[in-house]
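Visitor: Structure: entry-v3.cif, mmCIF, C-alpha atoms.
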data_run
#
loop_
_atom_site.label_atom_id
_atom_site.label_comp_id
_atom_site.auth_asym_id
_atom_site.auth_seq_id
_atom_site.Cartn_x
_atom_site.Cartn_y
_atom_site.Cartn_z
CA MET A 1128 118.39 -9.72 221.60
CA LYS A 1129 115.73 -9.51 218.93
CA ILE A 1130 114.76 -6.51 216.84
CA LYS A 1131 111.30 -6.74 215.33
CA LEU A 1132 110.23 -4.21 212.72
CA ILE A 1133 106.51 -4.15 211.99
CA THR A 1134 105.50 -2.05 209.01
CA VAL A 1135 102.14 -1.47 207.37
CA GLY A 1136 102.64 -1.78 203.63
CA LYS A 1137 105.22 -3.61 201.59
CA LEU A 1138 108.47 -2.32 200.13
CA LYS A 1139 108.09 -1.99 196.39
CA GLU A 1140 111.14 -0.14 195.13
CA LYS A 1141 114.24 -2.26 194.50
CA TYR A 1142 116.67 0.34 195.85
CA LEU A 1143 114.75 0.48 199.15
CA LYS A 1144 114.60 -3.31 199.40
CA ASP A 1145 118.34 -3.46 198.74
CA GLY A 1146 119.07 -0.83 201.40
CA VAL A 1147 116.90 -2.50 204.03
CA SER A 1148 118.45 -5.86 203.17
CA GLU A 1149 121.98 -4.46 203.54
CA TYR A 1150 121.35 -2.91 206.97
CA THR A 1151 119.42 -5.97 208.14
CA LYS A 1152 122.41 -8.12 207.20
CA ARG A 1153 124.77 -5.77 209.08
CA LEU A 1154 122.49 -5.82 212.13
CA GLY A 1155 122.68 -9.61 212.19
CA ARG A 1156 125.92 -9.52 214.17
CA PHE A 1157 124.18 -7.67 217.02
CA ALA A 1158 120.64 -9.03 217.06
CA LYS A 1159 118.20 -11.35 215.40
CA VAL A 1160 116.13 -9.16 213.07
CA GLU A 1161 112.56 -9.94 212.07
CA LEU A 1162 110.92 -7.83 209.38
CA ILE A 1163 107.13 -8.06 209.36
CA GLU A 1164 105.22 -6.39 206.53
CA LEU A 1165 101.47 -6.18 207.03
CA ALA A 1166 98.86 -5.42 204.40
CA ASP A 1167 97.69 -1.85 204.31
CA GLU A 1168 94.08 -0.85 203.86
CA LYS A 1169 93.14 1.07 200.76
CA THR A 1170 92.22 4.63 201.61
CA PRO A 1171 89.61 6.19 199.32
CA ASP A 1172 90.20 9.69 198.02
CA ARG A 1173 88.55 12.20 200.32
CA ALA A 1174 87.97 9.62 203.02
CA SER A 1175 85.87 10.86 205.93
CA ASP A 1176 87.31 11.00 209.44
CA LEU A 1177 85.22 7.96 210.34
CA GLU A 1178 86.58 6.00 207.36
CA LYS A 1179 90.14 6.96 208.35
CA GLN A 1180 89.55 5.81 211.92
CA GLN A 1181 88.15 2.50 210.65
CA ILE A 1182 91.16 1.99 208.38
CA MET A 1183 93.61 2.66 211.21
CA ALA A 1184 91.63 0.31 213.49
CA LYS A 1185 91.87 -2.52 210.95
CA GLU A 1186 95.61 -1.97 210.56
CA ALA A 1187 95.95 -1.85 214.36
CA GLU A 1188 94.31 -5.28 214.67
CA ARG A 1189 96.99 -6.74 212.40
CA ILE A 1190 99.76 -4.95 214.31
CA PHE A 1191 98.54 -6.15 217.71
CA LEU A 1192 98.73 -9.76 216.52
CA LYS A 1193 102.49 -9.31 215.95
CA ILE A 1194 103.39 -7.56 219.23
CA GLY A 1195 104.60 -9.78 222.04
CA GLU A 1196 103.25 -9.21 225.52
CA ARG A 1197 106.73 -8.49 226.87
CA ASP A 1198 108.09 -6.54 223.88
CA PHE A 1199 109.40 -3.04 224.42
CA VAL A 1200 107.47 -1.19 221.71
CA ILE A 1201 108.78 1.91 219.95
CA ALA A 1202 106.19 3.40 217.62
CA LEU A 1203 107.10 6.01 215.05
CA ALA A 1204 104.80 9.00 215.39
CA ILE A 1205 105.23 12.58 214.28
CA GLU A 1206 104.30 13.78 217.79
CA GLY A 1207 106.88 11.47 219.38
CA LYS A 1208 110.17 12.47 220.93
CA GLN A 1209 113.07 13.39 218.66
CA LEU A 1210 116.42 11.98 219.71
CA PRO A 1211 119.96 12.49 218.49
CA SER A 1212 121.53 9.23 217.33
CA GLU A 1213 123.60 8.95 220.53
CA ASP A 1214 120.47 9.14 222.72
CA PHE A 1215 118.66 6.64 220.49
CA SER A 1216 121.62 4.29 220.92
CA GLN A 1217 121.45 4.77 224.69
CA LEU A 1218 117.71 4.04 224.70
CA ILE A 1219 118.35 0.71 222.98
CA ALA A 1220 121.21 -0.11 225.36
CA ASP A 1221 119.11 0.82 228.40
CA LYS A 1222 116.16 -1.34 227.37
CA THR A 1223 118.46 -4.28 226.71
CA SER A 1224 120.10 -3.93 230.13
CA GLN A 1225 116.64 -3.64 231.73
CA GLY A 1226 115.87 -7.16 230.51
CA PHE A 1227 113.81 -6.54 227.39
CA SER A 1228 114.81 -9.26 224.95
CA THR A 1229 112.67 -7.95 222.07
CA LEU A 1230 112.56 -4.39 220.84
CA THR A 1231 109.62 -3.92 218.48
CA PHE A 1232 109.52 -0.92 216.16
CA ILE A 1233 106.28 0.01 214.39
CA ILE A 1234 105.75 2.13 211.28
CA GLY A 1235 102.09 2.69 210.47
CA GLY A 1236 100.36 3.07 207.15
CA SER A 1237 99.72 6.23 205.17
CA LEU A 1238 97.28 7.50 207.80
CA GLY A 1239 99.66 6.82 210.67
CA LEU A 1240 98.97 4.69 213.74
CA SER A 1241 95.76 4.26 215.65
CA PRO A 1242 95.55 5.78 219.14
CA ASP A 1243 95.38 2.21 220.53
CA ILE A 1244 98.79 1.33 219.07
CA LYS A 1245 100.27 4.57 220.36
CA ALA A 1246 98.83 3.81 223.80
CA ARG A 1247 100.43 0.32 223.76
CA ALA A 1248 103.80 1.73 222.76
CA ASN A 1249 106.37 2.17 225.50
CA PHE A 1250 107.98 5.01 223.56
CA LEU A 1251 106.87 7.28 220.71
CA LEU A 1252 109.76 8.21 218.43
CA SER A 1253 109.78 10.97 215.84
CA PHE A 1254 112.28 11.56 213.08
CA GLY A 1255 111.02 15.13 212.69
CA LYS A 1256 108.05 17.04 211.41
CA LEU A 1257 108.69 16.19 207.76
CA THR A 1258 106.36 13.78 206.07
CA LEU A 1259 108.37 10.94 204.56
CA PRO A 1260 107.16 8.01 202.47
CA HIS A 1261 106.65 5.04 204.76
CA GLN A 1262 108.85 2.87 202.55
CA LEU A 1263 111.74 5.33 202.84
CA MET A 1264 111.16 5.61 206.60
CA LYS A 1265 111.74 1.88 206.92
CA LEU A 1266 115.20 2.24 205.39
CA VAL A 1267 116.01 5.25 207.57
CA LEU A 1268 114.89 3.41 210.71
CA VAL A 1269 116.90 0.26 209.96
CA GLU A 1270 119.99 2.38 209.29
CA GLN A 1271 119.51 4.26 212.57
CA ILE A 1272 119.16 1.01 214.52
CA TYR A 1273 122.40 -0.20 212.94
CA ARG A 1274 124.03 3.16 213.76
CA ALA A 1275 122.85 2.79 217.38
CA PHE A 1276 124.68 -0.51 217.72
CA MET A 1277 127.79 0.92 216.05
CA ILE A 1278 127.76 3.82 218.53
CA GLN A 1279 127.62 1.29 221.38
CA GLN A 1280 130.67 -0.43 219.86
CA GLY A 1281 132.59 2.85 219.65
CA SER A 1282 132.85 2.41 215.89
CA PRO A 1283 133.94 5.27 213.63
CA TYR A 1284 130.84 4.52 211.46
CA HIS A 1285 128.95 7.23 213.36
CA LYS A 1286 131.45 10.01 212.59
#
Can the structure from this file be put into structure tokens for me?

Guide:
Amino acid sequence: MKIKLITVGKLKEKYLKDGVSEYTKRLGRFAKVELIELADEKTPDRASDLEKQQIMAKEAERIFLKIGERDFVIALAIEGKQLPSEDFSQLIADKTSQGFSTLTFIIGGSLGLSPDIKARANFLLSFGKLTLPHQLMKLVLVEQIYRAFMIQQGSPYHK
């Protein structure tokens, strides 16, 4: 199995890099993990709706180049479905047993994801209505993926 994490924007803070690195290393015993950081577009202050759409479209072009045709794509979106960790774990297990060899997770830029990316996604996932920095969200997501595998193993990590 392969876990691909596509993020718009690069991790800058050392503590976030360290956290993502730690959970990526832990995940290595369950899956091959590929972290893909794509350049984000600069958003001008007081950008118009048209400018925002153009920015998201440019970011979407970069994202589409990294998505495999047969990937099961889970995009993070505030309007997505919220899952308890156990259900998230089951989703991953189900997709693996259904023959998907690559699970691709996508975190968009500061404006979110374009409608085209959301339409391509097989599942929209939300971690709640709070707005979190995208860099922090990457760490939270990697930890939750690790937790999902630990739940499948029956590990006390989840307690």

Visitor: Using only C-alpha atoms, which residue out of A:Tyr1150, A:Tyr1142, A:Phe1227, A:Phe1254 lies closest to Glu1196 of chain A?

Guide: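 So, comparing all the options, the nearest one is A:Phe1227.
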
Visitor: Please determine the residues with any atom at most 9 Å from (113.0, -6.8, 216.2) (coordinates as given in the file, with all atoms listed in the file counting) and report them as a list in words.

Guide: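 Returned residue set, sorted by chain then number, is Met1128, Lys1129, Ile1130, Lys1131, Leu1132, Ile1133, Ala1158, Lys1159, Val1160, Glu1161, Leu1162, Thr1229, Leu1230, Thr1231 and Phe1232 of chain A.
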
Visitor: The PyMOL selection byres ((chain A and resi 1182) around 9) - which residues does that actually catch in the file I just gave you? List them as an NGL selection string.

Guide: :A and (1167-1170 or 1177-1181 or 1183-1187 or 1238 or 1241)

Visitor: Name the residues in contact with Lys1208 of chain A at a cut-off of 7 Å, using all atoms listed in the file, excluding same-chain residues fewer than 3 positions from it; report them as a compact mmCIF listing (two decimals) with C-alpha atoms, in the frame of the given file.

Guide:
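Written output follows (around-v7.txt):
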# COMPACT_ATOMS: atom_id res chain seq x y z
CA LEU A 1251 106.87 7.28 220.71
CA LEU A 1252 109.76 8.21 218.43
CA SER A 1253 109.78 10.97 215.84

Visitor: Please identify all polymer residues within 7 Å of segment 1211-1217 of chain A, counting all atoms listed in the file, omitting same-chain residues fewer than 3 positions from it, and present them as a PyMOL selection string.

Guide: chain A and resi 1220-1221+1275-1276+1278-1279

Visitor: Take atom CA of Gly1136 of chain A and atom CA of Phe1157 of chain A and report the distance between them in Å, one decimal.

Guide: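 Taking atom CA of Gly1136 of chain A and atom CA of Phe1157 of chain A, their separation equals 26.0 Å.
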
Visitor: Tell me which of A:Leu1210, A:Ala1248, A:Met1277, A:Ile1233 sits closest to His1261 of chain A, counting all atoms listed in the file.

Guide: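 Once distances to His1261 of chain A are computed over all atoms listed in the file, the minimum belongs to A:Ile1233.
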
Visitor: May I ask for the distance between atom CA of Gly1207 of chain A and atom CA of Ile1219 of chain A, given in Å to one decimal place?

Guide: 16.1 Å

Visitor: In Å to one decimal, how far is atom CA of Pro1242 of chain A from atom CA of Gly1195 of chain A?

Guide: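 Separation between atom CA of Gly1195 of chain A and atom CA of Pro1242 of chain A: 18.2 Å.
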
Visitor: Apply the PyMOL selection byres ((chain A and resi 1264) around 12) to the displayed file and report the matching residues as a CSV table (one decimal) with C-alpha atoms, in the coordinates of the input.

Guide:
chain,number,residue,atom,x,y,z
A,1132,LEU,CA,110.2,-4.2,212.7
A,1134,THR,CA,105.5,-2.0,209.0
A,1135,VAL,CA,102.1,-1.5,207.4
A,1136,GLY,CA,102.6,-1.8,203.6
A,1138,LEU,CA,108.5,-2.3,200.1
A,1143,LEU,CA,114.8,0.5,199.2
A,1144,LYS,CA,114.6,-3.3,199.4
A,1146,GLY,CA,119.1,-0.8,201.4
A,1147,VAL,CA,116.9,-2.5,204.0
A,1203,LEU,CA,107.1,6.0,215.0
A,1204,ALA,CA,104.8,9.0,215.4
A,1205,ILE,CA,105.2,12.6,214.3
A,1232,PHE,CA,109.5,-0.9,216.2
A,1233,ILE,CA,106.3,0.0,214.4
A,1234,ILE,CA,105.8,2.1,211.3
A,1235,GLY,CA,102.1,2.7,210.5
A,1236,GLY,CA,100.4,3.1,207.2
A,1237,SER,CA,99.7,6.2,205.2
A,1253,SER,CA,109.8,11.0,215.8
A,1254,PHE,CA,112.3,11.6,213.1
A,1255,GLY,CA,111.0,15.1,212.7
A,1257,LEU,CA,108.7,16.2,207.8
A,1258,THR,CA,106.4,13.8,206.1
A,1259,LEU,CA,108.4,10.9,204.6
A,1260,PRO,CA,107.2,8.0,202.5
A,1261,HIS,CA,106.6,5.0,204.8
A,1262,GLN,CA,108.8,2.9,202.6
A,1263,LEU,CA,111.7,5.3,202.8
A,1265,LYS,CA,111.7,1.9,206.9
A,1266,LEU,CA,115.2,2.2,205.4
A,1267,VAL,CA,116.0,5.2,207.6
A,1268,LEU,CA,114.9,3.4,210.7
A,1269,VAL,CA,116.9,0.3,210.0
A,1270,GLU,CA,120.0,2.4,209.3
A,1271,GLN,CA,119.5,4.3,212.6

Visitor: Pick the closest to Phe1199 of chain A from A:Lys1141, A:Lys1152, A:Arg1274, A:Arg1247: which is it, counting only C-alpha atoms?

Guide: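 Of all the options, A:Arg1247 lies closest to Phe1199 of chain A.
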